[in-house]
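Novice: Before I ask anything, here is the structure I am working with.
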Amino acid sequence: MKFDFEAAIFDMDGTLLDSQRYWRYTSLEYLLAHGIPARPEYLLRMNGTSSRKLLMEIAEAEGIAIERDAMVHEIEAYMDRHYIHDAPLKTPAVPAFLERLRREGIRMCIATVSPCDSLREALRRVGILDYFEFIFNEKSGRNAKDDPGYFSRVLDRLGVPAERCWVFEDALNAVRSAKSLGLRVCAIEEETQIANRDQIKALADLYIRDYAELL
């Protein structure tokens, strides 16, 4: 990778932390906590479907009522616990890559839509919090990165033009939005995005499985 840029914007879940799978399997935690059957067909769908969506579909199939706002609050509490205690780095090479960027004088920030309160604690626990100038944590909606304006606001805060910045992302919607602004994108393979892998590869400037590939 050529380090001919001024700034880097990193997603967090699935990009810096291997935490997307935790989000997906909060649906199992919820089923177990509430005595709802964890049927094989539900388990097969968990990795590829958001917990919120899947749990509402399970409730309909089981003929039970789930109050959506309370459910969302509960699974976010599960994720706070995972951030604090056990969500690991995406790959062991993450700190070495961030250190390389810092040595090159490249500014770094995080742009996430995670609604949880323990993001800083998670990054501190895995030893990478101090690499980032700020965490842009816009909670305007689960699909906020569908809107290219999301990345425009991050660029405004950085004060860097799009052509001088790379975005590191795992999700198709975010890759598409970033590219529409002229940002260069390095996509990181994420198992919950495998169904979108071909589209992501076609859009991204780089596609990697491990940050060691960039060192």
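Residues in the structure tokens are named by chain (A, B, ... in the order shown) and by number from 1 within that chain; ligands are numbered from 1 in the order shown.
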Name all residues at most 8 Å from range 2-16 of chain A (count only C-alpha atoms; drop same-chain ones fewer than 5 positions away) and give them as a PyMOL selection string.
Specialist: chain A and resi 89-91+94+101+104-112+158+160+164-170+188+190
Novice: Could those selected residues go to a file with C-alpha atoms, as a tab-separated table (two decimals), in the first residue's frame?
Specialist:
chain	number	residue	atom	x	y	z
A	89	LEU	CA	-9.03	-7.17	17.37
A	90	LYS	CA	-10.04	-7.88	13.79
A	91	THR	CA	-6.59	-9.39	13.16
A	94	VAL	CA	-4.08	-4.13	13.47
A	101	LEU	CA	0.36	4.95	9.68
A	104	GLU	CA	4.05	8.10	8.30
A	105	GLY	CA	2.29	11.10	9.87
A	106	ILE	CA	-1.17	9.99	8.77
A	107	ARG	CA	-4.05	11.20	10.91
A	108	MET	CA	-6.64	8.63	11.96
A	109	CYS	CA	-10.20	8.66	13.24
A	110	ILE	CA	-13.02	6.18	13.73
A	111	ALA	CA	-16.45	6.56	12.12
A	112	THR	CA	-19.10	4.24	13.55
A	158	LEU	CA	-10.90	16.13	9.73
A	160	VAL	CA	-9.07	16.85	4.69
A	164	ARG	CA	-6.38	12.73	0.36
A	165	CYS	CA	-8.17	10.22	2.58
A	166	TRP	CA	-8.67	6.45	2.71
A	167	VAL	CA	-11.62	4.69	4.30
A	168	PHE	CA	-11.25	1.24	5.89
A	169	GLU	CA	-14.61	-0.54	5.90
A	170	ASP	CA	-16.25	-3.95	5.80
A	188	ILE	CA	-11.67	-5.76	4.94
A	190	GLU	CA	-15.99	-9.80	7.01
Novice: I'd like the neighbourhood of Ala174 in chain A as a list in words, where a residue qualifies if any of its atoms comes within 9 Å (using only C-alpha atoms), though same-chain residues fewer than 6 positions away should be ignored.
Specialist: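 Once the adjacent positions are removed, what remains is Asn143, Ala144, Lys145, Asp146, Asp147, Pro148 and Phe151 of chain A.
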Novice: From a backbone DSSP assignment, name each residue in range 113-176 of chain A labelled strand (DSSP E or B), as a PyMOL selection string.
Specialist: chain A and resi 135-137+165-169
Novice: For Leu183 in chain A, which residue out of A:Asn196, A:Val154, A:Ile208, A:Leu54 is the nearest one, using only C-alpha atoms?
Specialist: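 Once distances to Leu183 in chain A are computed over only C-alpha atoms, the minimum belongs to A:Val154.
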Novice: Rounded to one decimal in Å, what is the spacing between CA of Glu60 in chain A and CA of Leu44 in chain A?
Specialist: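 Separation of CA of Glu60 in chain A and CA of Leu44 in chain A: 17.5 Å.
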Novice: So, with only C-alpha atoms as the atoms that count, which of A:Cys186, A:Met71, A:Met1, A:Met79 lies closest to Ala202 in chain A?
Specialist: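 Looking only at the distances to Ala202 in chain A, the closest residue turns out to be A:Cys186.
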Novice: Any idea what's packed within 12 Å of Ala59 in chain A, counting only C-alpha atoms, ignoring anything in its chain fewer than 2 positions away? Could you give it as a PDB file with N, CA and C atoms, in the first residue's frame?
Specialist:
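Heads up, here's the output in around.pdb:
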ATOM      1  N   SER A  27     -28.808 -12.068  19.015  1.00  0.00           N
ATOM      2  CA  SER A  27     -30.143 -12.657  18.868  1.00  0.00           C
ATOM      3  C   SER A  27     -30.239 -13.982  19.626  1.00  0.00           C
ATOM      4  N   TYR A  30     -30.510 -13.231  23.294  1.00  0.00           N
ATOM      5  CA  TYR A  30     -31.867 -12.783  23.616  1.00  0.00           C
ATOM      6  C   TYR A  30     -32.821 -13.966  23.707  1.00  0.00           C
ATOM      7  N   LEU A  31     -32.745 -14.888  22.746  1.00  0.00           N
ATOM      8  CA  LEU A  31     -33.632 -16.060  22.778  1.00  0.00           C
ATOM      9  C   LEU A  31     -33.430 -16.862  24.051  1.00  0.00           C
ATOM     10  N   HIS A  34     -34.863 -15.207  27.181  1.00  0.00           N
ATOM     11  CA  HIS A  34     -36.313 -15.090  27.273  1.00  0.00           C
ATOM     12  C   HIS A  34     -37.034 -16.417  27.068  1.00  0.00           C
ATOM     13  N   GLY A  35     -36.281 -17.521  27.025  1.00  0.00           N
ATOM     14  CA  GLY A  35     -36.910 -18.833  26.900  1.00  0.00           C
ATOM     15  C   GLY A  35     -37.601 -19.054  25.572  1.00  0.00           C
ATOM     16  N   ILE A  36     -37.143 -18.381  24.529  1.00  0.00           N
ATOM     17  CA  ILE A  36     -37.712 -18.543  23.187  1.00  0.00           C
ATOM     18  C   ILE A  36     -36.924 -19.640  22.480  1.00  0.00           C
ATOM     19  N   PRO A  37     -37.574 -20.577  21.807  1.00  0.00           N
ATOM     20  CA  PRO A  37     -36.842 -21.686  21.180  1.00  0.00           C
ATOM     21  C   PRO A  37     -35.778 -21.198  20.195  1.00  0.00           C
ATOM     22  N   ALA A  38     -34.568 -21.716  20.329  1.00  0.00           N
ATOM     23  CA  ALA A  38     -33.482 -21.419  19.385  1.00  0.00           C
ATOM     24  C   ALA A  38     -33.470 -22.530  18.342  1.00  0.00           C
ATOM     25  N   TYR A  42     -33.430 -20.887  12.843  1.00  0.00           N
ATOM     26  CA  TYR A  42     -33.055 -19.552  13.318  1.00  0.00           C
ATOM     27  C   TYR A  42     -31.539 -19.430  13.425  1.00  0.00           C
ATOM     28  N   SER A  51     -29.626  -8.790  14.149  1.00  0.00           N
ATOM     29  CA  SER A  51     -30.373  -9.311  15.295  1.00  0.00           C
ATOM     30  C   SER A  51     -31.756  -8.692  15.396  1.00  0.00           C
ATOM     31  N   ARG A  52     -31.835  -7.405  15.167  1.00  0.00           N
ATOM     32  CA  ARG A  52     -33.133  -6.720  15.289  1.00  0.00           C
ATOM     33  C   ARG A  52     -34.148  -7.320  14.325  1.00  0.00           C
ATOM     34  N   LYS A  53     -33.737  -7.444  13.078  1.00  0.00           N
ATOM     35  CA  LYS A  53     -34.635  -7.974  12.052  1.00  0.00           C
ATOM     36  C   LYS A  53     -35.010  -9.423  12.350  1.00  0.00           C
ATOM     37  N   LEU A  54     -34.017 -10.230  12.671  1.00  0.00           N
ATOM     38  CA  LEU A  54     -34.277 -11.649  12.900  1.00  0.00           C
ATOM     39  C   LEU A  54     -35.183 -11.867  14.102  1.00  0.00           C
ATOM     40  N   LEU A  55     -34.948 -11.135  15.182  1.00  0.00           N
ATOM     41  CA  LEU A  55     -35.764 -11.339  16.376  1.00  0.00           C
ATOM     42  C   LEU A  55     -37.223 -10.965  16.140  1.00  0.00           C
ATOM     43  N   MET A  56     -37.469  -9.918  15.385  1.00  0.00           N
ATOM     44  CA  MET A  56     -38.855  -9.557  15.090  1.00  0.00           C
ATOM     45  C   MET A  56     -39.512 -10.626  14.210  1.00  0.00           C
ATOM     46  N   GLU A  57     -38.750 -11.221  13.294  1.00  0.00           N
ATOM     47  CA  GLU A  57     -39.299 -12.284  12.452  1.00  0.00           C
ATOM     48  C   GLU A  57     -39.548 -13.555  13.270  1.00  0.00           C
ATOM     49  N   ALA A  61     -43.049 -15.588  13.883  1.00  0.00           N
ATOM     50  CA  ALA A  61     -43.168 -17.025  13.614  1.00  0.00           C
ATOM     51  C   ALA A  61     -43.623 -17.800  14.843  1.00  0.00           C
ATOM     52  N   GLU A  62     -43.184 -17.360  16.020  1.00  0.00           N
ATOM     53  CA  GLU A  62     -43.519 -18.057  17.262  1.00  0.00           C
ATOM     54  C   GLU A  62     -44.835 -17.588  17.871  1.00  0.00           C
ATOM     55  N   GLY A  63     -45.414 -16.536  17.285  1.00  0.00           N
ATOM     56  CA  GLY A  63     -46.674 -16.021  17.804  1.00  0.00           C
ATOM     57  C   GLY A  63     -46.543 -15.365  19.161  1.00  0.00           C
ATOM     58  N   ILE A  64     -45.409 -14.695  19.380  1.00  0.00           N
ATOM     59  CA  ILE A  64     -45.194 -13.999  20.653  1.00  0.00           C
ATOM     60  C   ILE A  64     -44.970 -12.515  20.380  1.00  0.00           C
ATOM     61  N   ALA A  65     -45.081 -11.725  21.427  1.00  0.00           N
ATOM     62  CA  ALA A  65     -44.898 -10.278  21.292  1.00  0.00           C
ATOM     63  C   ALA A  65     -43.533  -9.885  21.833  1.00  0.00           C
ATOM     64  N   ILE A  66     -42.790  -9.124  21.034  1.00  0.00           N
ATOM     65  CA  ILE A  66     -41.542  -8.525  21.476  1.00  0.00           C
ATOM     66  C   ILE A  66     -41.683  -7.016  21.326  1.00  0.00           C
ATOM     67  N   GLU A  67     -41.446  -6.300  22.405  1.00  0.00           N
ATOM     68  CA  GLU A  67     -41.475  -4.827  22.335  1.00  0.00           C
ATOM     69  C   GLU A  67     -40.132  -4.390  21.762  1.00  0.00           C
ATOM     70  N   ARG A  68     -40.155  -3.831  20.551  1.00  0.00           N
ATOM     71  CA  ARG A  68     -38.925  -3.630  19.797  1.00  0.00           C
ATOM     72  C   ARG A  68     -37.923  -2.744  20.516  1.00  0.00           C
ATOM     73  N   MET A  71     -36.250  -4.570  23.274  1.00  0.00           N
ATOM     74  CA  MET A  71     -35.350  -5.587  22.719  1.00  0.00           C
ATOM     75  C   MET A  71     -34.048  -4.957  22.248  1.00  0.00           C
TER      76      MET A  71
END
Novice: How many Å separate CA of Tyr207 in chain A from CA of Glu133 in chain A?
Specialist: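 Distance between the two atoms: 25.0 Å.
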Novice: Please identify all polymer residues within 12 Å of Arg81 in chain A, counting only C-alpha atoms, omitting same-chain residues fewer than 3 positions from it, and present them as an MDAnalysis selection string.
Specialist: chainID A and resid 19 22:23 26 74:78 84:87 116:119 121:122
Novice: With C-alpha atoms retained, write the just-selected residues as a PDB file, in the first residue's frame.
Specialist:
ATOM      1  CA  SER A  19     -17.234  -7.740  16.678  1.00  0.00           C
ATOM      2  CA  TYR A  22     -21.103 -10.582  18.404  1.00  0.00           C
ATOM      3  CA  TRP A  23     -23.799  -8.220  17.106  1.00  0.00           C
ATOM      4  CA  THR A  26     -26.965 -11.165  20.338  1.00  0.00           C
ATOM      5  CA  GLU A  74     -31.273  -5.272  25.702  1.00  0.00           C
ATOM      6  CA  ILE A  75     -29.071  -6.390  22.816  1.00  0.00           C
ATOM      7  CA  GLU A  76     -27.115  -3.141  23.020  1.00  0.00           C
ATOM      8  CA  ALA A  77     -26.467  -3.957  26.676  1.00  0.00           C
ATOM      9  CA  TYR A  78     -25.156  -7.362  25.596  1.00  0.00           C
ATOM     10  CA  ILE A  84     -15.769  -4.232  27.748  1.00  0.00           C
ATOM     11  CA  HIS A  85     -14.711  -7.864  28.172  1.00  0.00           C
ATOM     12  CA  ASP A  86     -14.052  -9.927  25.064  1.00  0.00           C
ATOM     13  CA  ALA A  87     -14.515  -8.474  21.551  1.00  0.00           C
ATOM     14  CA  CYS A 116     -23.185   1.487  22.498  1.00  0.00           C
ATOM     15  CA  ASP A 117     -21.467   3.442  25.260  1.00  0.00           C
ATOM     16  CA  SER A 118     -18.390   1.251  25.668  1.00  0.00           C
ATOM     17  CA  LEU A 119     -16.541   1.901  22.409  1.00  0.00           C
ATOM     18  CA  GLU A 121     -13.269   1.009  26.652  1.00  0.00           C
ATOM     19  CA  ALA A 122     -13.121  -1.664  23.942  1.00  0.00           C
TER      20      ALA A 122
END
